[in-house]
$ cat final_29.cif   # mmCIF, C-alpha atoms
data_data
loop_
_atom_site.label_atom_id
_atom_site.label_comp_id
_atom_site.auth_asym_id
_atom_site.auth_seq_id
_atom_site.Cartn_x
_atom_site.Cartn_y
_atom_site.Cartn_z
CA MET A 1 2.50 6.27 -16.10
CA GLY A 2 3.22 2.66 -15.23
CA VAL A 3 -0.22 1.36 -16.17
CA THR A 4 -0.90 -2.11 -17.46
CA ASP A 5 -2.54 -3.09 -20.71
CA THR A 6 -6.17 -4.16 -20.52
CA SER A 7 -8.87 -4.96 -23.06
CA THR A 8 -10.49 -1.54 -23.40
CA ASP A 9 -14.26 -1.60 -23.73
CA VAL A 10 -15.26 0.63 -26.66
CA ARG A 11 -19.02 0.35 -27.02
CA THR A 12 -21.31 1.85 -29.61
CA ALA A 13 -24.49 3.60 -28.57
CA ASP A 14 -26.82 2.33 -31.29
CA GLY A 15 -29.35 4.67 -32.76
CA ILE A 16 -27.63 7.90 -31.72
CA GLY A 17 -27.11 10.49 -34.40
CA SER A 18 -24.88 13.52 -34.03
CA PRO A 19 -26.47 16.99 -34.12
CA ALA A 20 -23.39 18.11 -36.10
CA PRO A 21 -22.35 15.12 -38.25
CA ARG A 22 -19.85 17.17 -40.26
CA VAL A 23 -17.94 18.10 -37.11
CA THR A 24 -17.90 14.50 -35.90
CA ALA A 25 -16.64 13.44 -39.33
CA ASP A 26 -13.89 16.07 -39.10
CA PHE A 27 -12.77 14.61 -35.77
CA ASP A 28 -12.85 11.11 -37.26
CA ARG A 29 -10.60 12.17 -40.16
CA ALA A 30 -8.21 14.07 -37.89
CA ALA A 31 -7.98 11.35 -35.25
CA LYS A 32 -4.74 9.72 -36.46
CA ARG A 33 -2.83 13.01 -36.19
CA TYR A 34 -4.76 14.69 -33.43
CA ASP A 35 -2.31 13.75 -30.66
CA LEU A 36 0.53 15.17 -32.75
CA MET A 37 -1.28 18.48 -33.16
CA VAL A 38 -2.03 18.91 -29.46
CA ALA A 39 1.55 17.95 -28.60
CA LEU A 40 2.65 21.01 -30.59
CA ASN A 41 0.70 23.17 -28.12
CA PRO A 42 3.26 23.44 -25.28
CA GLY A 43 0.67 24.04 -22.56
CA TYR A 44 -2.05 21.64 -23.67
CA HIS A 45 -1.34 18.67 -21.39
CA ARG A 46 -0.25 20.86 -18.48
CA HIS A 47 -3.52 22.76 -18.59
CA LEU A 48 -5.54 19.55 -18.78
CA ARG A 49 -3.77 18.16 -15.73
CA SER A 50 -4.30 21.36 -13.80
CA ALA A 51 -8.03 21.23 -14.57
CA ALA A 52 -8.18 17.54 -13.61
CA ALA A 53 -6.49 18.34 -10.30
CA ALA A 54 -9.09 21.08 -9.74
CA LEU A 55 -11.76 18.39 -9.92
CA LEU A 56 -10.09 15.78 -7.76
CA ASP A 57 -9.05 18.13 -4.97
CA GLN A 58 -12.69 19.11 -4.39
CA LEU A 59 -13.89 15.60 -3.60
CA PRO A 60 -15.17 15.32 -0.01
CA SER A 61 -12.40 14.26 2.36
CA GLY A 62 -14.37 11.27 3.59
CA LEU A 63 -14.04 9.65 0.16
CA ARG A 64 -10.34 10.18 -0.27
CA ARG A 65 -9.17 7.03 1.50
CA THR A 66 -12.04 4.64 0.96
CA ARG A 67 -13.82 3.60 -2.23
CA SER A 68 -12.75 4.36 -5.79
CA ARG A 69 -14.04 7.55 -7.35
CA ARG A 70 -16.73 7.30 -10.05
CA LEU A 71 -16.06 9.85 -12.77
CA LEU A 72 -17.34 10.73 -16.24
CA ASP A 73 -14.85 12.09 -18.77
CA LEU A 74 -17.26 13.84 -21.12
CA GLY A 75 -15.80 14.40 -24.59
CA CYS A 76 -12.71 12.32 -23.89
CA GLY A 77 -11.40 12.40 -27.48
CA SER A 78 -8.28 10.28 -27.90
CA GLY A 79 -7.85 9.96 -24.13
CA ALA A 80 -5.71 12.98 -23.21
CA SER A 81 -8.24 14.19 -20.64
CA THR A 82 -8.64 10.67 -19.25
CA ASP A 83 -4.87 10.45 -18.85
CA ALA A 84 -4.89 13.86 -17.12
CA LEU A 85 -7.31 12.51 -14.51
CA LEU A 86 -5.08 9.50 -13.88
CA VAL A 87 -1.94 11.64 -13.58
CA ALA A 88 -3.70 13.98 -11.14
CA ALA A 89 -4.79 11.00 -9.04
CA GLU A 90 -1.26 9.56 -9.02
CA THR A 91 0.13 12.92 -7.93
CA ASP A 92 -2.24 12.94 -4.95
CA GLY A 93 -1.19 9.83 -3.05
CA ALA A 94 -4.24 10.05 -0.77
CA LEU A 95 -6.58 9.21 -3.65
CA PRO A 96 -7.59 5.61 -4.29
CA ALA A 97 -8.37 4.23 -7.75
CA LEU A 98 -10.60 5.91 -10.30
CA ASP A 99 -13.57 4.31 -12.06
CA ILE A 100 -13.92 6.37 -15.25
CA VAL A 101 -16.48 6.23 -18.04
CA ALA A 102 -14.92 8.13 -20.96
CA LEU A 103 -17.51 9.21 -23.53
CA ASP A 104 -17.05 10.68 -27.01
CA ALA A 105 -19.08 11.07 -30.20
CA SER A 106 -16.13 10.37 -32.54
CA ALA A 107 -15.47 6.70 -33.28
CA GLY A 108 -12.13 7.66 -34.80
CA MET A 109 -10.94 9.40 -31.65
CA LEU A 110 -12.10 6.49 -29.49
CA ALA A 111 -10.20 4.07 -31.74
CA GLU A 112 -7.04 6.08 -31.02
CA ALA A 113 -7.77 5.95 -27.28
CA ALA A 114 -8.30 2.19 -27.45
CA GLU A 115 -4.78 1.66 -28.80
CA LYS A 116 -3.24 3.06 -25.61
CA GLU A 117 -2.58 1.28 -22.34
CA TRP A 118 -5.07 1.89 -19.56
CA PRO A 119 -5.50 0.55 -16.03
CA ALA A 120 -8.54 -1.40 -14.95
CA GLY A 121 -11.59 0.73 -14.32
CA ILE A 122 -11.40 2.81 -17.51
CA ARG A 123 -14.22 2.24 -20.02
CA PHE A 124 -14.59 4.09 -23.32
CA VAL A 125 -18.12 4.57 -24.67
CA HIS A 126 -19.24 5.88 -28.07
CA GLY A 127 -22.13 8.29 -27.73
CA LEU A 128 -23.32 11.87 -27.39
CA ALA A 129 -23.22 14.16 -24.38
CA GLU A 130 -26.85 14.95 -25.24
CA GLU A 131 -27.82 11.36 -24.37
CA ILE A 132 -26.18 10.92 -20.97
CA TRP A 133 -29.39 11.16 -18.95
CA GLN A 134 -31.43 8.82 -21.15
CA ARG A 135 -28.61 6.25 -21.30
CA ARG A 136 -27.18 6.69 -17.81
CA THR A 137 -27.94 3.09 -16.80
CA GLU A 138 -26.62 1.62 -20.05
CA TRP A 139 -23.39 3.61 -19.74
CA GLY A 140 -22.85 2.94 -16.04
CA LEU A 141 -23.67 6.48 -14.88
CA ALA A 142 -26.62 5.71 -12.61
CA GLY A 143 -26.33 5.89 -8.86
CA GLY A 144 -24.53 9.21 -8.61
CA LEU A 145 -21.11 10.19 -9.94
CA ASP A 146 -18.46 11.85 -7.81
CA GLY A 147 -17.27 14.07 -10.63
CA VAL A 148 -17.58 15.00 -14.30
CA PHE A 149 -14.67 16.31 -16.36
CA ALA A 150 -15.51 18.03 -19.66
CA ALA A 151 -12.55 19.49 -21.56
CA TYR A 152 -13.24 21.38 -24.79
CA LEU A 153 -16.70 19.87 -24.99
CA PHE A 154 -19.47 22.41 -24.48
CA ARG A 155 -18.79 24.63 -27.49
CA ASN A 156 -19.42 21.49 -29.59
CA VAL A 157 -22.87 21.08 -28.02
CA PRO A 158 -25.55 23.05 -29.89
CA GLU A 159 -26.64 26.13 -27.98
CA HIS A 160 -30.30 25.47 -28.75
CA GLN A 161 -31.74 22.05 -29.60
CA VAL A 162 -34.87 20.26 -28.51
CA ASN A 163 -33.93 17.81 -25.74
CA GLY A 164 -30.21 18.26 -26.09
CA GLY A 165 -29.06 21.87 -26.15
CA ARG A 166 -26.25 23.24 -24.03
CA ASP A 167 -28.50 24.00 -21.04
CA ASP A 168 -30.09 20.54 -21.22
CA VAL A 169 -26.69 18.83 -21.13
CA LEU A 170 -25.63 20.88 -18.11
CA ARG A 171 -28.81 19.89 -16.29
CA ALA A 172 -28.23 16.25 -17.21
CA VAL A 173 -24.68 16.47 -15.85
CA ARG A 174 -26.01 17.89 -12.60
CA ASP A 175 -28.54 15.08 -12.38
CA VAL A 176 -25.97 12.28 -12.79
CA LEU A 177 -23.79 13.79 -10.05
CA ARG A 178 -24.40 12.79 -6.46
CA PRO A 179 -25.14 15.65 -4.03
CA GLY A 180 -21.91 17.59 -3.64
CA GLY A 181 -20.45 16.08 -6.81
CA VAL A 182 -18.09 18.24 -8.84
CA LEU A 183 -18.14 19.40 -12.47
CA VAL A 184 -14.98 20.83 -14.01
CA THR A 185 -15.07 22.01 -17.59
CA GLN A 186 -12.19 23.60 -19.47
CA GLU A 187 -12.97 25.69 -22.52
CA TYR A 188 -11.81 28.50 -24.77
CA SER A 189 -13.96 31.62 -24.44
CA VAL A 190 -13.22 35.00 -26.03
CA ALA A 191 -16.67 36.58 -26.29
CA GLY A 192 -16.79 39.95 -24.58
CA SER A 193 -13.05 40.62 -24.97
CA ASP A 194 -11.84 42.26 -28.17
CA ALA A 195 -8.22 41.64 -27.18
CA ALA A 196 -8.83 37.93 -26.62
CA ARG A 197 -10.65 37.63 -29.97
CA VAL A 198 -7.75 39.26 -31.78
CA VAL A 199 -5.11 37.07 -30.12
CA TRP A 200 -7.15 33.93 -30.77
CA THR A 201 -7.62 34.81 -34.45
CA VAL A 202 -3.94 35.63 -34.95
CA ILE A 203 -2.84 32.35 -33.35
CA CYS A 204 -5.32 30.34 -35.43
CA ARG A 205 -4.46 32.05 -38.71
CA LEU A 206 -0.68 32.21 -38.28
CA VAL A 207 0.08 29.13 -36.16
CA VAL A 208 -2.69 26.54 -35.88
CA MET A 209 -3.86 26.48 -39.50
CA PRO A 210 -0.31 26.33 -40.97
CA LEU A 211 0.61 23.54 -38.53
CA SER A 212 -2.49 21.56 -39.52
CA ARG A 213 -1.36 21.74 -43.15
CA LEU A 214 2.24 20.89 -42.25
CA THR A 215 1.18 17.81 -40.28
CA ARG A 216 -1.41 16.85 -42.92
CA THR A 217 -4.19 17.05 -40.36
CA ASP A 218 -7.76 17.80 -41.39
CA VAL A 219 -7.65 21.57 -41.95
CA GLU A 220 -11.44 21.87 -41.77
CA LEU A 221 -11.37 20.74 -38.14
CA TYR A 222 -9.09 23.60 -37.14
CA ASP A 223 -11.08 26.10 -39.16
CA TYR A 224 -14.06 24.89 -37.15
CA LEU A 225 -12.03 25.23 -33.93
CA TRP A 226 -11.26 28.85 -34.74
CA HIS A 227 -14.84 29.84 -35.51
CA SER A 228 -16.48 27.71 -32.79
CA VAL A 229 -14.47 29.54 -30.12
CA LEU A 230 -15.49 32.93 -31.58
CA ARG A 231 -19.14 31.82 -31.38
CA PHE A 232 -19.01 30.27 -27.89
CA ASP A 233 -20.45 31.78 -24.73
CA SER A 234 -18.65 34.47 -22.80
CA VAL A 235 -17.32 33.45 -19.39
CA GLU A 236 -20.22 35.28 -17.75
CA ARG A 237 -22.84 33.64 -19.96
CA PHE A 238 -21.52 30.13 -19.41
CA SER A 239 -21.33 30.78 -15.66
CA ASP A 240 -24.97 31.85 -15.80
CA ARG A 241 -25.81 28.59 -17.59
CA LEU A 242 -24.20 26.66 -14.75
CA TRP A 243 -26.24 28.57 -12.21
CA ARG A 244 -29.50 28.07 -14.14
CA ALA A 245 -28.73 24.35 -14.43
CA GLY A 246 -28.70 24.15 -10.63
CA PHE A 247 -24.99 24.24 -9.83
CA VAL A 248 -23.58 26.08 -6.83
CA ASP A 249 -20.15 27.29 -5.69
CA ILE A 250 -19.23 28.30 -9.25
CA GLU A 251 -15.60 29.30 -9.73
CA VAL A 252 -13.71 30.39 -12.85
CA ARG A 253 -10.01 30.81 -13.45
CA THR A 254 -7.85 31.44 -16.49
CA VAL A 255 -4.29 30.38 -17.31
CA ARG A 256 -1.04 32.26 -17.64
CA GLY A 257 0.79 33.10 -20.84
CA TRP A 258 -0.68 33.93 -24.23
CA GLN A 259 -3.87 31.99 -23.41
CA GLN A 260 -4.67 34.21 -20.43
CA GLY A 261 -8.22 35.44 -20.85
CA ILE A 262 -8.79 32.83 -23.59
CA LEU A 263 -8.63 29.44 -21.85
CA HIS A 264 -10.79 29.09 -18.76
CA THR A 265 -11.48 26.41 -16.16
CA PHE A 266 -14.97 26.38 -14.65
CA ARG A 267 -15.64 24.45 -11.44
CA ALA A 268 -19.07 23.97 -9.91
CA LYS A 269 -20.87 21.61 -7.54
CA ALA A 270 -24.21 19.84 -7.50
CA PRO A 271 -26.13 21.02 -4.40
#
$ encode --input "final_29.cif" --output "structure tokens"
Amino acid sequence: MGVTDTSTDVRTADGIGSPAPRVTADFDRAAKRYDLMVALNPGYHRHLRSAAAALLDQLPSGLRRTRSRRLLDLGCGSGASTDALLVAAETDGALPALDIVALDASAGMLAEAAEKEWPAGIRFVHGLAEEIWQRRTEWGLAGGLDGVFAAYLFRNVPEHQVNGGRDDVLRAVRDVLRPGGVLVTQEYSVAGSDAARVVWTVICRLVVMPLSRLTRTDVELYDYLWHSVLRFDSVERFSDRLWRAGFVDIEVRTVRGWQQGILHTFRAKAP
């Protein structure tokens, strides 16, 4: 990408505990080989970049040639989604620089991200999506963000939890966005479609799980991936969550190929 090396700021949010410590531990153990596993998915990075472009191309035109864009990459993992935002911005020559806070609950994944080269303006923060409103000032999220990108994040957020369930996080995201700010989230969803559930299960059982063993990646993480997608909201239910959280102009699209009807990109705006 032609970026320069900088001292990446990986900060720890003290006192935050994960609502699903086993899952976070699975991501920590899998971190060293996670990039290898996603590279074996031929559409993974292409789909991320398409979703990132869907966020950036909805920014108000008045911003496109002036100040840098303030974004939150929620659930950034090892940095693939952060990189997708940068690639999308480079592709659109009218966009100035991005100021990105990249947040993740897995210290292992953030350690992998920190080993990569990043331009100025990218900061990696260790913490939970459930804490973004309470720690918005500490994490540099106060004052109104232009956009939030959340790839493969919301099915890892508990559906129901006091002060931190899925609906609460969506409301917090809306509240850290400036008026007209954009949320784009990409997620697997198969609920409500028997065909999608069957395809997803076949791919996980016959492709993903064997590859995780072949690459010596944490198999438990991909078993969790399989079942977490089966348990996640339907497209209609998650769209309803967005509406109840106060978002407007909600749009949903799926991808082509075998993931059609399985992988979805949701785009919505803060009023």
$ resolve_selection --input "final_29.cif" --expression "the PyMOL selection byres ((chain A and resi 53) around 9)" --output "list in words"
Leu48, Arg49, Ser50, Ala51, Ala52, Ala54, Leu55, Leu56, Asp57, Gln58, Ala84, Leu85, Val87, Ala88, Ala89, Thr91 and Asp92 of chain A
$ closest_residue --input "final_29.cif" --among "A:Lys269, A:His264, A:His160, A:Lys116" --to "Ile250 in chain A" --atoms "all atoms listed in the file"
A:Lys269
$ residues_around --input "final_29.cif" --residues "range 200-216 of chain A" --least-positions-apart "5" --cutoff "9 Å" --atoms "all atoms listed in the file" --output "number ranges by chain"
A: 30, 33, 36-37, 40, 190, 195, 222-223, 225-227, 229-230, 259, 262
$ resolve_selection --input "final_29.cif" --expression "the PyMOL selection byres ((chain A and resi 140) around 10)" --output "list in words"
Arg70, Leu72, Ile100, Val101, Arg123, Val125, Ile132, Arg135, Arg136, Thr137, Glu138, Trp139, Leu141, Ala142, Gly143, Gly144 and Leu145 of chain A
$ resolve_selection --input "final_29.cif" --expression "the PyMOL selection byres ((chain A and resi 184) around 6)" --output "PyMOL selection string"
chain A and resi 55+149+183+185+266-267
$ write_last_selection --input "final_29.cif" --atoms "C-alpha atoms" --output "PDB file, in the frame of the given file"
ATOM      1  CA  LEU A  55     -11.760  18.390  -9.920  1.00  0.00           C
ATOM      2  CA  PHE A 149     -14.670  16.310 -16.360  1.00  0.00           C
ATOM      3  CA  LEU A 183     -18.140  19.400 -12.470  1.00  0.00           C
ATOM      4  CA  THR A 185     -15.070  22.010 -17.590  1.00  0.00           C
ATOM      5  CA  PHE A 266     -14.970  26.380 -14.650  1.00  0.00           C
ATOM      6  CA  ARG A 267     -15.640  24.450 -11.440  1.00  0.00           C
TER       7      ARG A 267
END
$ atom_distance --input "final_29.cif" --atom1 "CA of Ala111 in chain A" --atom2 "CA of Val157 in chain A"
21.5 Å
